[in-house]
>>> print(open('query25.cif').read())   # mmCIF, C-alpha atoms
data_final
loop_
_atom_site.group_PDB
_atom_site.id
_atom_site.type_symbol
_atom_site.label_atom_id
_atom_site.label_comp_id
_atom_site.auth_asym_id
_atom_site.auth_seq_id
_atom_site.Cartn_x
_atom_site.Cartn_y
_atom_site.Cartn_z
ATOM 1 C CA MET A 10 89.819 14.587 82.130
ATOM 2 C CA LYS A 11 91.923 11.428 82.674
ATOM 3 C CA ILE A 12 95.075 13.437 81.977
ATOM 4 C CA PHE A 13 94.130 16.047 84.586
ATOM 5 C CA ILE A 14 93.414 13.382 87.188
ATOM 6 C CA ASN A 15 96.789 11.708 86.553
ATOM 7 C CA ILE A 16 98.613 15.031 86.879
ATOM 8 C CA TYR A 17 96.662 15.795 90.034
ATOM 9 C CA ILE A 18 97.561 12.468 91.659
ATOM 10 C CA ALA A 19 101.209 12.628 90.546
ATOM 11 C CA SER A 20 101.614 16.170 91.858
ATOM 12 C CA LEU A 21 100.258 15.292 95.293
ATOM 13 C CA CYS A 22 102.524 12.224 95.505
ATOM 14 C CA ILE A 23 105.573 14.345 94.634
ATOM 15 C CA LEU A 24 104.634 17.004 97.166
ATOM 16 C CA LEU A 25 104.130 14.499 99.947
ATOM 17 C CA THR A 26 107.462 12.843 99.095
ATOM 18 C CA ILE A 27 109.278 16.183 99.161
ATOM 19 C CA SER A 28 107.632 17.086 102.451
ATOM 20 C CA THR A 29 108.661 13.813 104.057
ATOM 21 C CA GLN A 30 112.221 13.748 102.712
ATOM 22 C CA SER A 31 112.972 17.368 103.555
ATOM 23 C CA ASN A 32 113.337 16.431 107.200
ATOM 24 C CA ALA A 33 116.114 13.857 106.612
ATOM 25 C CA GLN A 34 114.983 11.569 109.387
ATOM 26 C CA ALA A 35 113.829 8.016 109.879
ATOM 27 C CA PRO A 36 110.082 7.622 110.449
ATOM 28 C CA VAL A 37 109.189 7.901 114.114
ATOM 29 C CA LYS A 38 106.990 5.038 115.267
ATOM 30 C CA ILE A 39 104.599 6.203 117.948
ATOM 31 C CA THR A 40 102.159 3.611 119.236
ATOM 32 C CA LYS A 41 98.587 4.336 120.286
ATOM 33 C CA SER A 42 99.819 5.447 123.678
ATOM 34 C CA THR A 43 98.514 7.936 126.181
ATOM 35 C CA PHE A 44 100.266 10.561 124.087
ATOM 36 C CA MET A 45 98.422 9.644 120.871
ATOM 37 C CA LYS A 46 95.121 9.426 122.726
ATOM 38 C CA SER A 47 95.756 12.970 123.977
ATOM 39 C CA MET A 48 96.462 14.125 120.411
ATOM 40 C CA ASP A 49 93.298 12.454 119.120
ATOM 41 C CA SER A 50 91.276 14.061 121.881
ATOM 42 C CA PHE A 51 92.706 17.495 121.079
ATOM 43 C CA VAL A 52 91.955 17.290 117.354
ATOM 44 C CA ASN A 53 88.658 15.408 117.386
ATOM 45 C CA GLY A 54 87.217 16.876 120.547
ATOM 46 C CA GLY A 55 88.417 20.462 120.328
ATOM 47 C CA PHE A 56 87.491 21.368 116.754
ATOM 48 C CA LYS A 57 85.035 24.250 116.221
ATOM 49 C CA GLN A 58 84.015 24.983 112.655
ATOM 50 C CA ASP A 59 82.970 28.581 113.328
ATOM 51 C CA GLY A 60 84.868 30.888 111.003
ATOM 52 C CA LEU A 61 85.063 28.534 108.041
ATOM 53 C CA LYS A 62 83.808 29.818 104.715
ATOM 54 C CA ASP A 63 81.452 27.436 102.992
ATOM 55 C CA SER A 64 82.934 28.244 99.568
ATOM 56 C CA ILE A 65 86.413 26.842 100.282
ATOM 57 C CA ALA A 66 86.817 23.109 99.637
ATOM 58 C CA LEU A 67 90.062 22.453 101.527
ATOM 59 C CA TYR A 68 91.629 23.990 104.607
ATOM 60 C CA ALA A 69 95.112 22.907 105.653
ATOM 61 C CA ILE A 70 96.761 23.932 108.902
ATOM 62 C CA ASN A 71 99.368 22.645 111.291
ATOM 63 C CA PHE A 72 100.370 23.250 114.873
ATOM 64 C CA ARG A 73 104.050 23.355 115.828
ATOM 65 C CA ILE A 74 104.968 22.390 119.379
ATOM 66 C CA ASP A 75 108.531 23.207 120.494
ATOM 67 C CA ILE A 76 109.640 20.851 123.252
ATOM 68 C CA LEU A 77 112.740 21.146 125.439
ATOM 69 C CA LYS A 78 114.302 18.677 127.872
ATOM 70 C CA LYS A 79 115.890 20.544 130.767
ATOM 71 C CA PRO A 80 118.801 19.348 132.915
ATOM 72 C CA GLY A 81 117.399 16.715 135.235
ATOM 73 C CA GLY A 82 115.075 15.344 132.576
ATOM 74 C CA LYS A 83 112.106 17.679 133.026
ATOM 75 C CA ILE A 84 110.254 18.230 129.743
ATOM 76 C CA GLN A 85 108.836 21.656 128.929
ATOM 77 C CA VAL A 86 106.785 22.990 126.017
ATOM 78 C CA THR A 87 108.406 26.325 125.154
ATOM 79 C CA ASN A 88 106.033 27.381 122.387
ATOM 80 C CA VAL A 89 102.879 26.399 120.519
ATOM 81 C CA SER A 90 102.225 28.080 117.180
ATOM 82 C CA ALA A 91 100.178 27.563 114.021
ATOM 83 C CA ASN A 92 100.882 28.377 110.393
ATOM 84 C CA ASP A 93 97.518 30.168 110.068
ATOM 85 C CA SER A 94 95.880 32.360 112.723
ATOM 86 C CA LEU A 95 92.583 30.728 111.746
ATOM 87 C CA ALA A 96 93.826 27.601 113.533
ATOM 88 C CA TYR A 97 93.417 29.285 116.923
ATOM 89 C CA LYS A 98 89.722 29.873 116.162
ATOM 90 C CA LEU A 99 89.163 26.353 114.862
ATOM 91 C CA PHE A 100 90.906 24.875 117.911
ATOM 92 C CA PRO A 101 90.206 27.378 120.714
ATOM 93 C CA TYR A 102 91.579 24.997 123.344
ATOM 94 C CA TYR A 103 95.018 24.843 121.702
ATOM 95 C CA LYS A 104 96.716 25.758 124.995
ATOM 96 C CA LYS A 105 95.935 22.230 126.161
ATOM 97 C CA LEU A 106 98.892 21.228 123.999
ATOM 98 C CA TYR A 107 101.153 22.654 126.699
ATOM 99 C CA ALA A 108 99.938 20.084 129.227
ATOM 100 C CA ILE A 109 100.442 16.858 127.220
ATOM 101 C CA ASP A 110 103.232 14.442 128.173
ATOM 102 C CA TYR A 111 105.761 14.456 125.285
ATOM 103 C CA SER A 112 108.327 12.118 126.839
ATOM 104 C CA THR A 113 107.700 9.430 124.193
ATOM 105 C CA VAL A 114 108.275 12.017 121.459
ATOM 106 C CA ILE A 115 111.457 13.681 122.654
ATOM 107 C CA GLY A 116 113.127 10.446 123.762
ATOM 108 C CA ASN A 117 116.860 11.042 124.285
ATOM 109 C CA ARG A 118 116.918 14.348 122.412
ATOM 110 C CA LYS A 119 117.434 17.700 124.065
ATOM 111 C CA LYS A 120 114.814 19.436 121.948
ATOM 112 C CA VAL A 121 112.315 18.653 119.230
ATOM 113 C CA SER A 122 109.604 20.385 117.202
ATOM 114 C CA LEU A 123 106.453 18.348 116.764
ATOM 115 C CA ILE A 124 104.222 19.223 113.785
ATOM 116 C CA ILE A 125 100.533 18.253 113.773
ATOM 117 C CA PRO A 126 99.197 18.451 110.174
ATOM 118 C CA ILE A 127 95.424 18.828 109.866
ATOM 119 C CA LEU A 128 93.405 18.754 106.634
ATOM 120 C CA ILE A 129 89.818 19.985 106.775
ATOM 121 C CA SER A 130 87.762 18.755 103.834
ATOM 122 C CA ASN A 131 84.609 20.737 103.163
ATOM 123 C CA VAL A 132 82.301 18.453 101.203
ATOM 124 C CA SER A 133 79.203 20.616 101.615
ATOM 125 C CA ALA A 134 77.205 21.472 98.521
ATOM 126 C CA THR A 135 78.461 25.070 98.392
ATOM 127 C CA ALA A 136 82.191 24.265 98.527
ATOM 128 C CA LYS A 137 84.140 25.429 95.495
ATOM 129 C CA LYS A 138 85.260 22.459 93.396
ATOM 130 C CA GLU A 139 85.317 23.854 89.803
ATOM 131 C CA TYR A 140 85.971 20.498 88.103
ATOM 132 C CA VAL A 141 83.684 17.527 87.595
ATOM 133 C CA LYS A 142 84.730 13.908 87.052
ATOM 134 C CA ALA A 143 83.185 11.660 84.429
ATOM 135 C CA ASP A 144 80.674 10.278 86.927
ATOM 136 C CA GLY A 145 79.451 13.798 87.741
ATOM 137 C CA SER A 146 81.085 14.045 91.170
ATOM 138 C CA ASN A 147 83.213 17.050 92.066
ATOM 139 C CA LEU A 148 87.000 17.223 91.789
ATOM 140 C CA VAL A 149 88.915 19.756 93.876
ATOM 141 C CA GLU A 150 90.622 22.465 91.815
ATOM 142 C CA MET A 151 94.346 21.880 91.277
ATOM 143 C CA ASN A 152 95.704 24.998 92.998
ATOM 144 C CA ALA A 153 93.633 24.346 96.103
ATOM 145 C CA ALA A 154 94.917 20.764 96.308
ATOM 146 C CA VAL A 155 98.564 21.797 95.877
ATOM 147 C CA ASN A 156 98.287 24.590 98.426
ATOM 148 C CA ALA A 157 96.687 22.243 100.923
ATOM 149 C CA ALA A 158 99.487 19.700 100.452
ATOM 150 C CA PHE A 159 102.115 22.354 101.138
ATOM 151 C CA ALA A 160 100.307 24.023 104.017
ATOM 152 C CA MET A 161 99.813 20.793 105.960
ATOM 153 C CA TYR A 162 103.554 20.166 106.156
ATOM 154 C CA SER A 163 104.985 23.678 106.050
ATOM 155 C CA THR A 164 105.324 26.120 108.929
ATOM 156 C CA ILE A 165 105.393 29.030 106.478
ATOM 157 C CA LYS A 166 102.626 31.445 107.425
ATOM 158 C CA TYR A 167 99.592 30.700 105.286
ATOM 159 C CA ASP A 168 96.162 32.272 104.954
ATOM 160 C CA ASN A 169 93.673 29.560 104.023
ATOM 161 C CA GLN A 170 90.938 32.040 103.200
ATOM 162 C CA LYS A 171 93.066 34.315 101.001
ATOM 163 C CA GLU A 172 95.708 32.055 99.492
ATOM 164 C CA ALA A 173 93.818 28.824 98.801
ATOM 165 C CA ASN A 174 93.608 29.461 95.068
ATOM 166 C CA ILE A 175 96.892 31.189 94.237
ATOM 167 C CA SER A 176 98.803 29.743 91.298
ATOM 168 C CA LEU A 177 100.877 26.568 91.499
ATOM 169 C CA TYR A 178 103.946 28.528 90.337
ATOM 170 C CA GLU A 179 103.607 31.072 93.135
ATOM 171 C CA ARG A 180 103.231 28.371 95.768
ATOM 172 C CA LEU A 181 106.301 26.485 94.533
ATOM 173 C CA TYR A 182 108.343 29.691 94.333
ATOM 174 C CA LYS A 183 107.357 30.730 97.841
ATOM 175 C CA SER A 184 108.308 27.341 99.237
ATOM 176 C CA LYS A 185 111.674 27.105 97.480
ATOM 177 C CA ASN A 186 112.687 30.570 98.602
ATOM 178 C CA TYR A 187 111.886 30.161 102.253
ATOM 179 C CA LYS A 188 115.209 29.138 103.812
ATOM 180 C CA GLU A 189 113.827 27.918 107.119
ATOM 181 C CA GLU A 190 111.838 25.264 105.281
ATOM 182 C CA GLN A 191 114.898 24.037 103.414
ATOM 183 C CA ASP A 192 117.066 23.156 106.390
ATOM 184 C CA PHE A 193 117.492 19.456 107.079
ATOM 185 C CA ASN A 194 116.406 19.397 110.677
ATOM 186 C CA PRO A 195 116.548 15.988 112.387
ATOM 187 C CA ASP A 196 114.747 17.462 115.395
ATOM 188 C CA LYS A 197 111.500 18.061 113.523
ATOM 189 C CA ILE A 198 108.846 15.336 113.704
ATOM 190 C CA PHE A 199 105.569 15.156 111.777
ATOM 191 C CA LEU A 200 102.575 13.225 113.012
ATOM 192 C CA THR A 201 100.399 11.388 110.521
ATOM 193 C CA PRO A 202 97.949 14.022 109.175
ATOM 194 C CA TYR A 203 94.508 14.274 110.715
ATOM 195 C CA VAL A 204 91.568 14.630 108.312
ATOM 196 C CA ILE A 205 88.352 16.355 109.359
ATOM 197 C CA LYS A 206 85.354 16.156 107.001
ATOM 198 C CA ILE A 207 82.762 18.954 107.059
ATOM 199 C CA VAL A 208 79.435 17.850 105.614
ATOM 200 C CA ASN A 209 77.532 21.079 106.205
ATOM 201 C CA ILE A 210 78.508 24.625 107.209
ATOM 202 C CA GLN A 211 75.689 26.681 108.712
#
>>> encode(input="query25.cif", output="structure tokens")
Amino acid sequence: MKIFINIYIASLCILLTISTQSNAQAPVKITKSTFMKSMDSFVNGGFKQDGLKDSIALYAINFRIDILKKPGGKIQVTNVSANDSLAYKLFPYYKKLYAIDYSTVIGNRKKVSLIIPILISNVSATAKKEYVKADGSNLVEMNAAVNAAFAMYSTIKYDNQKEANISLYERLYKSKNYKEEQDFNPDKIFLTPYVIKIVNIQ
């Protein structure tokens, strides 16, 4: 069991490193400004758990916000999209993302894509874990953990309810062969992931 845990931790560290480095950019420091308060309000205040299956331990989604600075300095959100259609049900007020002030994000750039990674951890008794640690507590199954790590940072279309437990090999192959995810885009910014814990699904 110790070996499995070490592999599990090492794999997640590698995946998070790859995800961060693939954007070839310096970390963007965004203070707890009006912008971040708006983000927090959107995620924490707009989440609706209807539609979640109680058997899935981890859900990973992200919203992509494409922002454009027009001549004259006016900032416009040209598109808001999610990597899983389930995201629109979980956050039914997603159109509020069009109204947020992104001036601190875009800075001097002409355009930028802002990614909001969100991990939903289902810790209810019926969630599928499959593995048990030495102390008797549950350990999330490897494929589910790997898929969640990828899906939080990738804009590749992903179905949390159908693809959560596909093989590690298939997930890696799909990621490596998706050209749009392999471009080194300095105009793509990731926020620190939000984590939502679900204690009970009714």
>>> closest_residue(input="query25.cif", among="A:Ala158, A:Ala134, A:Ile175, A:Ala153", to="Asp63 of chain A", atoms="all atoms listed in the file")
A:Ala134
>>> resolve_selection(input="query25.cif", expression="the PyMOL selection byres ((chain A and resi 124) around 8)", output="PyMOL selection string")
chain A and resi 71-74+122-123+125-126+162+197-200
>>> resolve_selection(input="query25.cif", expression="the PyMOL selection byres ((chain A and resi 57) around 9)", output="ChimeraX atom specification")
/A:54-56,58-60,98-101
>>> closest_residue(input="query25.cif", among="A:Gly116, A:Tyr102, A:Asp49, A:Leu77", to="Pro202 of chain A", atoms="only C-alpha atoms")
A:Asp49
>>> closest_residue(input="query25.cif", among="A:Ala173, A:Ala157, A:Val52, A:Ala66", to="Ile205 of chain A", atoms="only C-alpha atoms")
A:Val52
>>> atom_distance(input="query25.cif", atom1="atom CA of Pro195 of chain A", atom2="atom CA of Ser163 of chain A")
15.3 Å
>>> atom_distance(input="query25.cif", atom1="atom CA of Asn169 of chain A", atom2="atom CA of Asn209 of chain A")
18.4 Å
>>> atom_distance(input="query25.cif", atom1="atom CA of Ile127 of chain A", atom2="atom CA of Ile76 of chain A")
19.6 Å
>>> resolve_selection(input="query25.cif", expression="the PyMOL selection byres ((chain A and resi 114) around 10)", output="number ranges by chain")
A: 37-39, 44, 76, 110-113, 115-118, 120-123, 198
>>> closest_residue(input="query25.cif", among="A:Tyr68, A:Tyr107, A:Tyr203, A:Phe51", to="Asn92 of chain A", atoms="all atoms listed in the file")
A:Tyr68
